[in-house]
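Participant: Contents of run.cif (mmCIF, C-alpha atoms):
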data_work
#
loop_
_atom_site.label_atom_id
_atom_site.label_comp_id
_atom_site.auth_asym_id
_atom_site.auth_seq_id
_atom_site.Cartn_x
_atom_site.Cartn_y
_atom_site.Cartn_z
CA VAL A 26 -15.88 -11.12 5.38
CA VAL A 27 -14.22 -12.77 8.39
CA LEU A 28 -10.76 -11.94 6.94
CA ALA A 29 -11.51 -8.23 6.67
CA ARG A 30 -13.29 -7.90 10.01
CA ASP A 31 -11.06 -10.00 12.20
CA GLY A 32 -7.87 -10.25 10.15
CA GLY A 33 -5.85 -13.28 9.06
CA ARG A 34 -5.49 -14.55 12.61
CA GLY A 35 -9.24 -14.17 13.16
CA LEU A 36 -9.93 -16.51 10.24
CA THR A 37 -10.65 -19.65 12.24
CA HIS A 38 -12.76 -22.65 11.32
CA ARG A 39 -15.27 -21.73 13.99
CA ALA A 40 -15.62 -18.09 12.81
CA VAL A 41 -16.34 -19.28 9.27
CA ASP A 42 -18.92 -21.81 10.53
CA ARG A 43 -20.66 -18.97 12.37
CA GLU A 44 -20.51 -16.50 9.46
CA ALA A 45 -21.71 -19.06 6.90
CA GLY A 46 -24.45 -20.35 9.21
CA VAL A 47 -23.30 -23.96 8.87
CA PRO A 48 -23.05 -26.48 11.74
CA GLN A 49 -19.88 -26.30 13.86
CA GLY A 50 -17.22 -28.51 12.31
CA ALA A 51 -18.48 -28.24 8.72
CA THR A 52 -15.66 -25.89 7.70
CA LYS A 53 -13.06 -28.10 9.38
CA ASN A 54 -14.32 -31.08 7.38
CA HIS A 55 -13.74 -29.21 4.12
CA PHE A 56 -10.47 -27.47 5.01
CA PRO A 57 -8.65 -29.49 7.66
CA THR A 58 -5.84 -26.94 8.34
CA ARG A 59 -5.77 -23.16 8.75
CA GLU A 60 -3.34 -23.06 5.82
CA ALA A 61 -5.98 -24.77 3.64
CA LEU A 62 -8.63 -22.35 4.89
CA LEU A 63 -6.50 -19.29 4.08
CA GLU A 64 -5.60 -20.69 0.67
CA ALA A 65 -9.29 -21.29 -0.04
CA ALA A 66 -10.04 -17.69 0.99
CA ALA A 67 -7.28 -16.47 -1.35
CA ARG A 68 -8.61 -18.57 -4.26
CA ARG A 69 -12.15 -17.37 -3.57
CA MET A 70 -11.02 -13.73 -3.63
CA ALA A 71 -8.98 -14.35 -6.80
CA GLU A 72 -12.07 -15.82 -8.49
CA GLN A 73 -14.32 -12.95 -7.41
CA HIS A 74 -11.69 -10.52 -8.65
CA ARG A 75 -11.35 -12.33 -11.97
CA GLY A 76 -15.14 -12.36 -12.33
CA ALA A 77 -15.31 -8.61 -11.75
CA VAL A 78 -12.53 -7.96 -14.29
CA GLN A 79 -14.27 -10.18 -16.86
CA ARG A 80 -17.63 -8.44 -16.38
CA LEU A 81 -15.82 -5.13 -16.81
CA GLN A 82 -14.26 -6.33 -20.08
CA GLU A 83 -17.55 -7.69 -21.40
CA THR A 84 -19.39 -4.48 -20.66
CA THR A 85 -16.62 -2.22 -21.98
CA PRO A 86 -17.83 -0.54 -25.16
CA CYS A 87 -15.45 -0.65 -28.16
CA SER A 88 -15.39 3.11 -28.05
CA VAL A 89 -13.89 3.31 -24.52
CA THR A 90 -11.72 6.42 -24.20
CA ALA A 91 -8.66 7.24 -22.09
CA GLU A 92 -10.90 9.60 -20.09
CA ASP A 93 -13.32 6.74 -19.32
CA VAL A 94 -10.41 4.64 -18.05
CA GLY A 95 -9.06 7.59 -16.05
CA GLU A 96 -12.44 7.94 -14.32
CA LEU A 97 -12.45 4.25 -13.37
CA TYR A 98 -9.82 4.57 -10.61
CA PRO A 99 -11.40 7.47 -8.71
CA ALA A 100 -14.66 5.50 -8.79
CA LEU A 101 -12.95 2.29 -7.61
CA LEU A 102 -11.11 4.10 -4.82
CA ARG A 103 -14.25 5.86 -3.64
CA ARG A 104 -16.06 2.53 -3.55
CA ALA A 105 -13.11 0.84 -1.81
CA VAL A 106 -12.97 3.36 1.03
CA ALA A 107 -16.53 4.67 1.31
CA ALA A 108 -19.19 2.21 0.19
CA ASP A 109 -17.69 -1.02 1.53
CA PRO A 110 -14.12 -1.24 2.84
CA THR A 111 -14.41 -5.03 3.45
CA PRO A 112 -12.85 -6.23 0.17
CA ILE A 113 -9.84 -3.90 0.26
CA LEU A 114 -9.12 -4.67 3.93
CA ALA A 115 -9.36 -8.40 3.18
CA MET A 116 -6.94 -7.81 0.31
CA VAL A 117 -4.36 -6.14 2.59
CA GLU A 118 -4.71 -9.04 5.07
CA LEU A 119 -4.15 -11.42 2.16
CA TYR A 120 -0.91 -9.60 1.20
CA LEU A 121 0.30 -9.91 4.81
CA GLU A 122 -0.58 -13.61 4.93
CA ALA A 123 1.16 -14.10 1.55
CA VAL A 124 4.45 -12.89 3.06
CA ARG A 125 4.26 -15.79 5.53
CA ARG A 126 2.45 -18.54 3.59
CA PRO A 127 3.62 -19.92 0.21
CA ALA A 128 0.16 -21.23 -0.81
CA VAL A 129 -1.46 -17.84 -0.21
CA ARG A 130 1.47 -16.19 -2.00
CA ALA A 131 0.88 -18.34 -5.10
CA ALA A 132 -2.88 -17.63 -5.19
CA LEU A 133 -2.26 -13.89 -4.74
CA GLY A 134 0.36 -13.94 -7.50
CA GLU A 135 -2.08 -15.46 -9.99
CA MET A 136 -4.69 -12.86 -9.14
CA VAL A 137 -2.28 -9.93 -9.48
CA VAL A 138 -0.98 -11.16 -12.85
CA ALA A 139 -4.50 -11.71 -14.25
CA ASN A 140 -5.51 -8.29 -13.01
CA ALA A 141 -2.45 -6.51 -14.48
CA HIS A 142 -2.91 -8.18 -17.88
CA ALA A 143 -6.62 -7.29 -17.96
CA ALA A 144 -5.98 -3.68 -16.91
CA ALA A 145 -3.20 -3.18 -19.48
CA GLU A 146 -5.48 -4.62 -22.17
CA LEU A 147 -8.34 -2.30 -21.20
CA HIS A 148 -5.99 0.70 -21.15
CA ARG A 149 -4.57 -0.11 -24.57
CA ALA A 150 -8.10 -0.57 -25.98
CA ALA A 151 -8.62 3.03 -24.87
CA GLY A 152 -5.48 4.16 -26.69
CA LEU A 153 -3.24 4.41 -23.61
CA ALA A 154 0.35 3.10 -23.70
CA THR A 155 0.03 1.23 -20.35
CA THR A 156 2.27 -1.85 -20.05
CA THR A 157 1.64 -4.82 -17.74
CA GLY A 158 4.38 -3.32 -15.53
CA ASP A 159 2.58 0.03 -15.35
CA ALA A 160 -0.63 -1.82 -14.44
CA GLY A 161 1.22 -3.71 -11.69
CA LEU A 162 2.51 -0.43 -10.22
CA LEU A 163 -0.97 1.08 -10.51
CA ASP A 164 -2.29 -1.84 -8.45
CA ALA A 165 0.41 -1.37 -5.79
CA TYR A 166 -0.12 2.41 -5.55
CA PHE A 167 -3.89 1.88 -5.37
CA LEU A 168 -3.48 -0.52 -2.46
CA GLY A 169 -1.18 1.89 -0.56
CA ALA A 170 -3.51 4.84 -1.22
CA ALA A 171 -6.64 2.92 -0.20
CA ILE A 172 -5.23 1.68 3.11
CA SER A 173 -3.86 5.19 3.82
CA VAL A 174 -7.24 6.85 3.22
CA LEU A 175 -8.92 4.21 5.43
CA ALA A 176 -6.36 4.30 8.25
CA LEU A 177 -5.50 8.00 8.64
CA PRO A 178 -7.50 10.46 10.76
CA ALA A 179 -9.37 13.24 8.90
CA GLU A 180 -6.90 15.97 10.05
CA THR A 181 -3.98 13.97 8.68
CA ARG A 182 -5.72 13.30 5.38
CA ASN A 183 -6.38 17.01 5.13
CA ILE A 184 -2.72 17.93 5.72
CA VAL A 185 -1.30 15.34 3.31
CA GLY A 186 -3.93 16.13 0.66
CA MET A 187 -5.83 12.84 0.89
CA ASP A 188 -9.23 14.07 2.01
CA ASP A 189 -10.95 13.47 -1.31
CA PRO A 190 -10.78 9.82 -2.53
CA GLU A 191 -11.68 10.92 -6.08
CA THR A 192 -8.69 13.27 -6.26
CA VAL A 193 -6.42 10.55 -4.88
CA GLY A 194 -7.83 8.11 -7.47
CA HIS A 195 -6.94 10.53 -10.26
CA GLN A 196 -3.44 10.99 -8.81
CA VAL A 197 -2.85 7.23 -8.52
CA PHE A 198 -3.89 6.78 -12.15
CA ALA A 199 -1.67 9.66 -13.36
CA ALA A 200 1.26 8.36 -11.27
CA ALA A 201 1.40 4.91 -12.90
CA VAL A 202 0.07 5.43 -16.41
CA PRO A 203 2.32 7.02 -19.04
CA ARG A 204 0.82 10.32 -20.11
CA MET A 205 -0.04 10.55 -23.78
CA ASP A 206 0.37 14.32 -23.85
CA ARG A 207 3.88 14.03 -22.47
CA HIS A 208 4.70 11.51 -25.19
CA ARG A 209 3.23 13.86 -27.75
CA ASP A 210 5.33 16.72 -26.35
CA HIS A 211 8.49 14.70 -26.78
CA ARG A 212 7.52 13.65 -30.29
CA ASP A 213 6.59 17.19 -31.25
CA ARG A 214 9.90 18.47 -30.07
CA ALA A 215 11.79 15.65 -31.76
CA THR A 216 10.09 16.07 -35.11
CA GLY A 217 9.36 19.81 -34.99
CA VAL B 13 8.86 -7.29 16.53
CA VAL B 14 5.81 -9.19 17.82
CA LEU B 15 3.53 -7.01 15.65
CA ALA B 16 5.40 -7.84 12.44
CA ARG B 17 5.88 -11.53 13.16
CA ASP B 18 2.47 -12.43 14.53
CA GLY B 19 0.31 -9.50 13.39
CA GLY B 20 -1.97 -7.20 15.35
CA ARG B 21 -3.94 -10.08 16.81
CA GLY B 22 -0.72 -11.82 17.87
CA LEU B 23 0.24 -8.78 19.95
CA THR B 24 -0.77 -10.15 23.34
CA HIS B 25 0.53 -9.25 26.79
CA ARG B 26 2.06 -12.68 27.11
CA ALA B 27 3.87 -12.51 23.74
CA VAL B 28 5.45 -9.17 24.70
CA ASP B 29 6.51 -10.55 28.11
CA ARG B 30 8.24 -13.42 26.30
CA GLU B 31 9.88 -11.24 23.63
CA ALA B 32 11.11 -8.65 26.15
CA GLY B 33 12.29 -11.34 28.58
CA VAL B 34 10.35 -9.82 31.49
CA PRO B 35 8.35 -11.82 34.06
CA GLN B 36 4.85 -12.88 33.01
CA GLY B 37 2.39 -10.15 33.91
CA ALA B 38 4.87 -7.26 33.71
CA THR B 39 3.45 -6.01 30.41
CA LYS B 40 -0.12 -6.28 31.72
CA ASN B 41 0.84 -4.12 34.72
CA HIS B 42 2.05 -1.35 32.41
CA PHE B 43 -0.64 -1.59 29.73
CA PRO B 44 -3.80 -3.06 31.25
CA THR B 45 -5.76 -3.44 27.95
CA ARG B 46 -4.84 -4.67 24.46
CA GLU B 47 -5.93 -1.24 23.18
CA ALA B 48 -3.32 0.39 25.47
CA LEU B 49 -0.70 -2.11 24.32
CA LEU B 50 -1.39 -1.42 20.63
CA GLU B 51 -1.38 2.33 21.21
CA ALA B 52 1.97 2.02 23.00
CA ALA B 53 3.32 0.03 20.05
CA ALA B 54 2.06 2.74 17.68
CA ARG B 55 3.68 5.52 19.77
CA ARG B 56 6.92 3.56 20.00
CA MET B 57 7.01 3.12 16.22
CA ALA B 58 6.16 6.80 15.70
CA GLU B 59 9.09 7.78 17.97
CA GLN B 60 11.52 5.46 16.23
CA HIS B 61 10.36 6.84 12.90
CA ARG B 62 10.72 10.42 14.09
CA GLY B 63 14.19 9.64 15.41
CA ALA B 64 15.23 8.22 12.06
CA VAL B 65 13.85 11.25 10.21
CA GLN B 66 15.68 13.61 12.58
CA ARG B 67 18.98 11.77 12.20
CA LEU B 68 18.51 12.00 8.45
CA GLN B 69 17.94 15.75 8.66
CA GLU B 70 20.94 16.28 10.93
CA THR B 71 23.25 14.33 8.67
CA THR B 72 21.92 15.91 5.46
CA PRO B 73 24.64 18.12 3.97
CA CYS B 74 23.57 21.63 2.93
CA SER B 75 24.57 20.72 -0.58
CA VAL B 76 22.05 17.87 -0.89
CA THR B 77 20.93 17.50 -4.52
CA ALA B 78 17.71 16.28 -6.13
CA GLU B 79 19.68 13.22 -7.31
CA ASP B 80 20.70 12.42 -3.70
CA VAL B 81 17.05 12.58 -2.64
CA GLY B 82 16.01 10.46 -5.63
CA GLU B 83 18.50 7.78 -4.57
CA LEU B 84 17.08 7.71 -1.03
CA TYR B 85 13.87 5.87 -1.96
CA PRO B 86 15.45 2.98 -3.89
CA ALA B 87 17.79 2.55 -0.90
CA LEU B 88 14.89 2.68 1.60
CA LEU B 89 12.81 0.22 -0.42
CA ARG B 90 15.71 -2.20 -0.81
CA ARG B 91 16.29 -2.07 2.93
CA ALA B 92 12.55 -2.44 3.66
CA VAL B 93 12.16 -5.60 1.58
CA ALA B 94 15.59 -7.20 1.66
CA ALA B 95 17.62 -6.41 4.78
CA ASP B 96 14.86 -6.49 7.39
CA PRO B 97 11.15 -6.58 6.48
CA THR B 98 10.07 -6.39 10.15
CA PRO B 99 9.50 -2.60 10.35
CA ILE B 100 7.49 -2.32 7.13
CA LEU B 101 5.32 -5.34 8.00
CA ALA B 102 4.69 -3.88 11.45
CA MET B 103 3.75 -0.61 9.72
CA VAL B 104 1.14 -2.35 7.51
CA GLU B 105 -0.28 -4.09 10.60
CA LEU B 106 -0.47 -0.69 12.27
CA TYR B 107 -2.44 0.75 9.34
CA LEU B 108 -4.89 -2.16 9.59
CA GLU B 109 -5.26 -1.69 13.36
CA ALA B 110 -5.74 2.06 12.81
CA VAL B 111 -8.84 1.37 10.68
CA ARG B 112 -10.42 -0.33 13.72
CA ARG B 113 -8.93 1.56 16.70
CA PRO B 114 -9.16 5.35 17.20
CA ALA B 115 -6.12 5.56 19.53
CA VAL B 116 -3.90 3.76 17.03
CA ARG B 117 -5.36 5.92 14.26
CA ALA B 118 -4.36 9.10 16.12
CA ALA B 119 -0.80 7.90 16.77
CA LEU B 120 -0.40 6.83 13.14
CA GLY B 121 -1.76 10.19 11.95
CA GLU B 122 0.86 12.12 13.94
CA MET B 123 3.63 9.96 12.56
CA VAL B 124 2.48 10.33 8.94
CA VAL B 125 2.16 14.12 9.24
CA ALA B 126 5.62 14.49 10.85
CA ASN B 127 7.09 12.27 8.17
CA ALA B 128 5.43 14.14 5.28
CA HIS B 129 6.56 17.53 6.61
CA ALA B 130 10.13 16.31 7.08
CA ALA B 131 10.26 14.70 3.63
CA ALA B 132 8.86 17.81 1.89
CA GLU B 133 11.42 19.96 3.73
CA LEU B 134 14.29 17.69 2.70
CA HIS B 135 13.09 17.66 -0.91
CA ARG B 136 12.81 21.43 -1.03
CA ALA B 137 16.29 21.81 0.49
CA ALA B 138 17.42 19.81 -2.54
CA GLY B 139 15.62 22.18 -4.91
CA LEU B 140 12.61 19.94 -5.59
CA ALA B 141 9.07 21.36 -5.65
CA THR B 142 7.61 18.60 -3.44
CA THR B 143 4.60 19.67 -1.34
CA THR B 144 3.47 18.00 1.89
CA GLY B 145 0.69 16.43 -0.21
CA ASP B 146 3.21 14.97 -2.68
CA ALA B 147 5.18 13.59 0.28
CA GLY B 148 2.00 12.01 1.68
CA LEU B 149 1.31 10.29 -1.63
CA LEU B 150 4.95 9.19 -1.84
CA ASP B 151 4.51 7.54 1.57
CA ALA B 152 1.30 5.77 0.46
CA TYR B 153 2.82 4.54 -2.82
CA PHE B 154 5.94 3.38 -0.98
CA LEU B 155 3.83 1.32 1.43
CA GLY B 156 1.83 -0.28 -1.41
CA ALA B 157 4.99 -1.02 -3.41
CA ALA B 158 6.85 -2.46 -0.39
CA ILE B 159 4.05 -4.84 0.64
CA SER B 160 3.62 -5.90 -3.02
CA VAL B 161 7.33 -6.70 -3.43
CA LEU B 162 7.25 -8.65 -0.14
CA ALA B 163 4.01 -10.55 -0.82
CA LEU B 164 4.21 -11.47 -4.51
CA PRO B 165 5.96 -14.59 -5.84
CA ALA B 166 9.09 -14.06 -7.97
CA GLU B 167 7.33 -15.01 -11.25
CA THR B 168 4.61 -12.42 -10.59
CA ARG B 169 7.14 -9.72 -9.71
CA ASN B 170 8.92 -10.52 -12.95
CA ILE B 171 5.73 -10.19 -15.03
CA VAL B 172 4.56 -6.95 -13.41
CA GLY B 173 8.07 -5.43 -13.51
CA MET B 174 8.69 -5.48 -9.76
CA ASP B 175 11.67 -7.81 -9.56
CA ASP B 176 14.20 -5.10 -8.76
CA PRO B 177 13.40 -3.09 -5.59
CA GLU B 178 15.79 -0.32 -6.68
CA THR B 179 13.90 0.21 -9.95
CA VAL B 180 10.58 0.21 -8.07
CA GLY B 181 12.02 2.75 -5.60
CA HIS B 182 12.94 5.06 -8.47
CA GLN B 183 9.47 4.65 -9.97
CA VAL B 184 7.73 5.40 -6.66
CA PHE B 185 9.81 8.58 -6.28
CA ALA B 186 9.12 9.69 -9.87
CA ALA B 187 5.39 8.92 -9.46
CA ALA B 188 4.82 11.25 -6.51
CA VAL B 189 7.41 14.00 -6.90
CA PRO B 190 6.80 16.76 -9.45
CA ARG B 191 9.45 16.62 -12.12
CA MET B 192 11.57 19.74 -12.38
CA ASP B 193 12.20 19.25 -16.09
CA ARG B 194 8.47 19.17 -16.73
CA HIS B 195 8.05 22.44 -14.83
CA ARG B 196 10.89 23.94 -16.78
CA ASP B 197 9.24 22.78 -20.01
CA HIS B 198 6.02 24.57 -19.10
CA ARG B 199 7.86 27.72 -18.12
CA ASP B 200 9.96 27.66 -21.26
CA ARG B 201 6.89 27.33 -23.38
CA ALA B 202 5.03 30.05 -21.46
CA THR B 203 7.84 32.58 -21.59
CA GLY B 204 9.46 31.50 -24.87
#
So, in terms of structure tokens, how does the structure I just supplied come out?
Facilitator:
Amino acid sequence: VVLARDGGRGLTHRAVDREAGVPQGATKNHFPTREALLEAAARRMAEQHRGAVQRLQETTPCSVTAEDVGELYPALLRRAVAADPTPILAMVELYLEAVRRPAVRAALGEMVVANAHAAAELHRAAGLATTTGDAGLLDAYFLGAAISVLALPAETRNIVGMDDPETVGHQVFAAAVPRMDRHRDHRDRATG
Amino acid sequence: VVLARDGGRGLTHRAVDREAGVPQGATKNHFPTREALLEAAARRMAEQHRGAVQRLQETTPCSVTAEDVGELYPALLRRAVAADPTPILAMVELYLEAVRRPAVRAALGEMVVANAHAAAELHRAAGLATTTGDAGLLDAYFLGAAISVLALPAETRNIVGMDDPETVGHQVFAAAVPRMDRHRDHRDRATG
């Protein structure tokens, strides 16, 4: 929460003490340096992310379709920008901190790999041809689209066609995931 | 420079005095509040960006091809992540500040609109069907891809297929820009 509201440089021991409602100094006892505190925040976010992905996998019916998966990203983007922007803003802060701090970089890397593997698996269960690489790009495009929708004024979003998060979510999905119908087209032409 | 190195919360009057080599207090005289300082940074970046876009347009030969335009984004991404990451990191910081600050949001909006118009114009001069909306998405995907390449460890980039910025640049371009061959396919099928 502190990371999203106040940014990486707002993540101080004292701010976490306040937010968590623990006595002043408690956070410093656990995480003596700011580096340790940021790394802990990264690991915490990675765990939460992994938990969410796992719950998604456990609740995915065997009969999940490509359309179901395609509807996931508009829903995720709408939630990321409308319901509660805290997690996605914290994520962008984490990317910026990762550029500067090796420990944060490592924690972020683990999260992104786990996420890409899980997404590719889900997509393939739905009959899509998504590779781990496609899933990685999907993640990157999603991040860029989410921060754009959150940061740009309404007039700008209107001009650049980003006023509806659901539409953008569909576009992000279509941009990164290989289209089955296009594959079919090619095959049809090759064999026909 | 201060924005990229130290982030939005590192952009203080004193840090700018130091970086610019002016006497302490000079920056505060010009921009009395941090809000004014951030807005000035946003306007400065918007101008630099506009200048770069204009130089690009002026030096674009009339005979620019779709292939030339397609090679622009791998080159831009390589420069953004390899030669000097300062501008793209400052840009991400600006997006984060824009979420919180209306004045920064407005300046960023103007820059993004000018950029999307200019890009769509360039693409169309090269015979591509890119709309301002496509150009806006291209910008968003580029930002997400650039920060991902900068933030992720080498092993992660390898696994998610982001180890070569040039390849990622080509993918970002292909993701947002409507493919002529696909359009031709549709037309062929419709008229054939």
Participant: Within 8 Å of range 167-184 of chain A, counting all atoms listed in the file, which residues show up once you throw out same-chain ones fewer than 3 positions away? Write them as a VMD selection string, please.
Facilitator: (chain A and resid 102 105 to 106 110 113 to 114 117 163 to 164 187 to 188 190 193 to 194 197) or (chain B and resid 107 to 111 117 to 118 120 to 122 124 to 125 144 to 145 149 152 to 157)
Participant: What is the distance between CA of His148 in chain A and CA of Gln196 in chain A, in Å to one decimal?
Facilitator: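 About the pair CA of His148 in chain A and CA of Gln196 in chain A: they are 16.3 Å apart.
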Participant: Please, what distance in Å, to one decimal, runs between CA of Gly82 in chain B and CA of Met123 in chain B?
Facilitator: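 Separation of CA of Gly82 in chain B and CA of Met123 in chain B: 22.0 Å.
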Participant: Between A:Pro99, A:Pro112, A:Gly186, A:Pro127, which residue has the minimum interatomic distance to Ala128 in chain B, considering only C-alpha atoms?
Facilitator: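 Smallest distance to Ala128 in chain B is found for A:Gly186.
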Participant: Here's the selection I'm unsure about, the PyMOL selection byres ((chain A and resi 71) around 9); applied to the file above, which residues does it give, as a PyMOL selection string?
Facilitator: chain A and resi 66-70+72-76+132-133+135-137
Participant: Give me, please, the distance in Å between CA of Ala186 in chain B and CA of Ala201 in chain A, quoted to one decimal.
Facilitator: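 About the pair CA of Ala186 in chain B and CA of Ala201 in chain A: they are 9.6 Å apart.
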Participant: Determine the axis-aligned bounding box of all atoms of range 74-79 of chain A present in the file, pad each side by 8 Å, and express its centre and edge lengths in Å to one decimal place as lines of an AutoDock Vina configuration file.
Facilitator:
center_x = -13.3
center_y = -10.2
center_z = -12.8
size_x = 20.0
size_y = 20.4
size_z = 24.2
Participant: Using the chain letters and numbers from this file, what does the PyMOL selection byres ((chain B and resi 46-50) around 9) select? Give the answer as a PyMOL selection string.
Facilitator: chain B and resi 15+20+23-25+39-40+42-45+51-55+106+109+113+115-116
Participant: Next, write the just-selected residues to a file, as a short mmCIF file (atom, residue, chain, number, x, y, z; two decimals), keeping the file's coordinate frame, keeping C-alpha atoms as the atom set.
Facilitator:
data_model
loop_
_atom_site.label_atom_id
_atom_site.label_comp_id
_atom_site.auth_asym_id
_atom_site.auth_seq_id
_atom_site.Cartn_x
_atom_site.Cartn_y
_atom_site.Cartn_z
CA LEU B 15 3.53 -7.01 15.65
CA GLY B 20 -1.97 -7.20 15.35
CA LEU B 23 0.24 -8.78 19.95
CA THR B 24 -0.77 -10.15 23.34
CA HIS B 25 0.53 -9.25 26.79
CA THR B 39 3.45 -6.01 30.41
CA LYS B 40 -0.12 -6.28 31.72
CA HIS B 42 2.05 -1.35 32.41
CA PHE B 43 -0.64 -1.59 29.73
CA PRO B 44 -3.80 -3.06 31.25
CA THR B 45 -5.76 -3.44 27.95
CA GLU B 51 -1.38 2.33 21.21
CA ALA B 52 1.97 2.02 23.00
CA ALA B 53 3.32 0.03 20.05
CA ALA B 54 2.06 2.74 17.68
CA ARG B 55 3.68 5.52 19.77
CA LEU B 106 -0.47 -0.69 12.27
CA GLU B 109 -5.26 -1.69 13.36
CA ARG B 113 -8.93 1.56 16.70
CA ALA B 115 -6.12 5.56 19.53
CA VAL B 116 -3.90 3.76 17.03
#
Participant: Ranking B:Ala64, B:Val76, B:Ala138, B:Ala132 by minimum distance to Leu88 in chain B and counting only C-alpha atoms, which one comes first?
Facilitator: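 Residue with the minimum atom-to-atom distance to Leu88 in chain B: B:Ala64.
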Participant: Enumerate, as a PDB file with C-alpha atoms, keeping the file's coordinate frame, the residues matched when the PyMOL selection byres ((chain A and resi 90-94) around 10) is run on the file above.
Facilitator:
ATOM      1  CA  THR A  85     -16.620  -2.220 -21.980  1.00  0.00           C
ATOM      2  CA  PRO A  86     -17.830  -0.540 -25.160  1.00  0.00           C
ATOM      3  CA  CYS A  87     -15.450  -0.650 -28.160  1.00  0.00           C
ATOM      4  CA  SER A  88     -15.390   3.110 -28.050  1.00  0.00           C
ATOM      5  CA  VAL A  89     -13.890   3.310 -24.520  1.00  0.00           C
ATOM      6  CA  GLY A  95      -9.060   7.590 -16.050  1.00  0.00           C
ATOM      7  CA  GLU A  96     -12.440   7.940 -14.320  1.00  0.00           C
ATOM      8  CA  LEU A  97     -12.450   4.250 -13.370  1.00  0.00           C
ATOM      9  CA  TYR A  98      -9.820   4.570 -10.610  1.00  0.00           C
ATOM     10  CA  PRO A  99     -11.400   7.470  -8.710  1.00  0.00           C
ATOM     11  CA  ALA A 144      -5.980  -3.680 -16.910  1.00  0.00           C
ATOM     12  CA  LEU A 147      -8.340  -2.300 -21.200  1.00  0.00           C
ATOM     13  CA  HIS A 148      -5.990   0.700 -21.150  1.00  0.00           C
ATOM     14  CA  ARG A 149      -4.570  -0.110 -24.570  1.00  0.00           C
ATOM     15  CA  ALA A 150      -8.100  -0.570 -25.980  1.00  0.00           C
ATOM     16  CA  ALA A 151      -8.620   3.030 -24.870  1.00  0.00           C
ATOM     17  CA  GLY A 152      -5.480   4.160 -26.690  1.00  0.00           C
ATOM     18  CA  LEU A 153      -3.240   4.410 -23.610  1.00  0.00           C
ATOM     19  CA  PHE A 198      -3.890   6.780 -12.150  1.00  0.00           C
ATOM     20  CA  MET A 205      -0.040  10.550 -23.780  1.00  0.00           C
TER      21      MET A 205
END
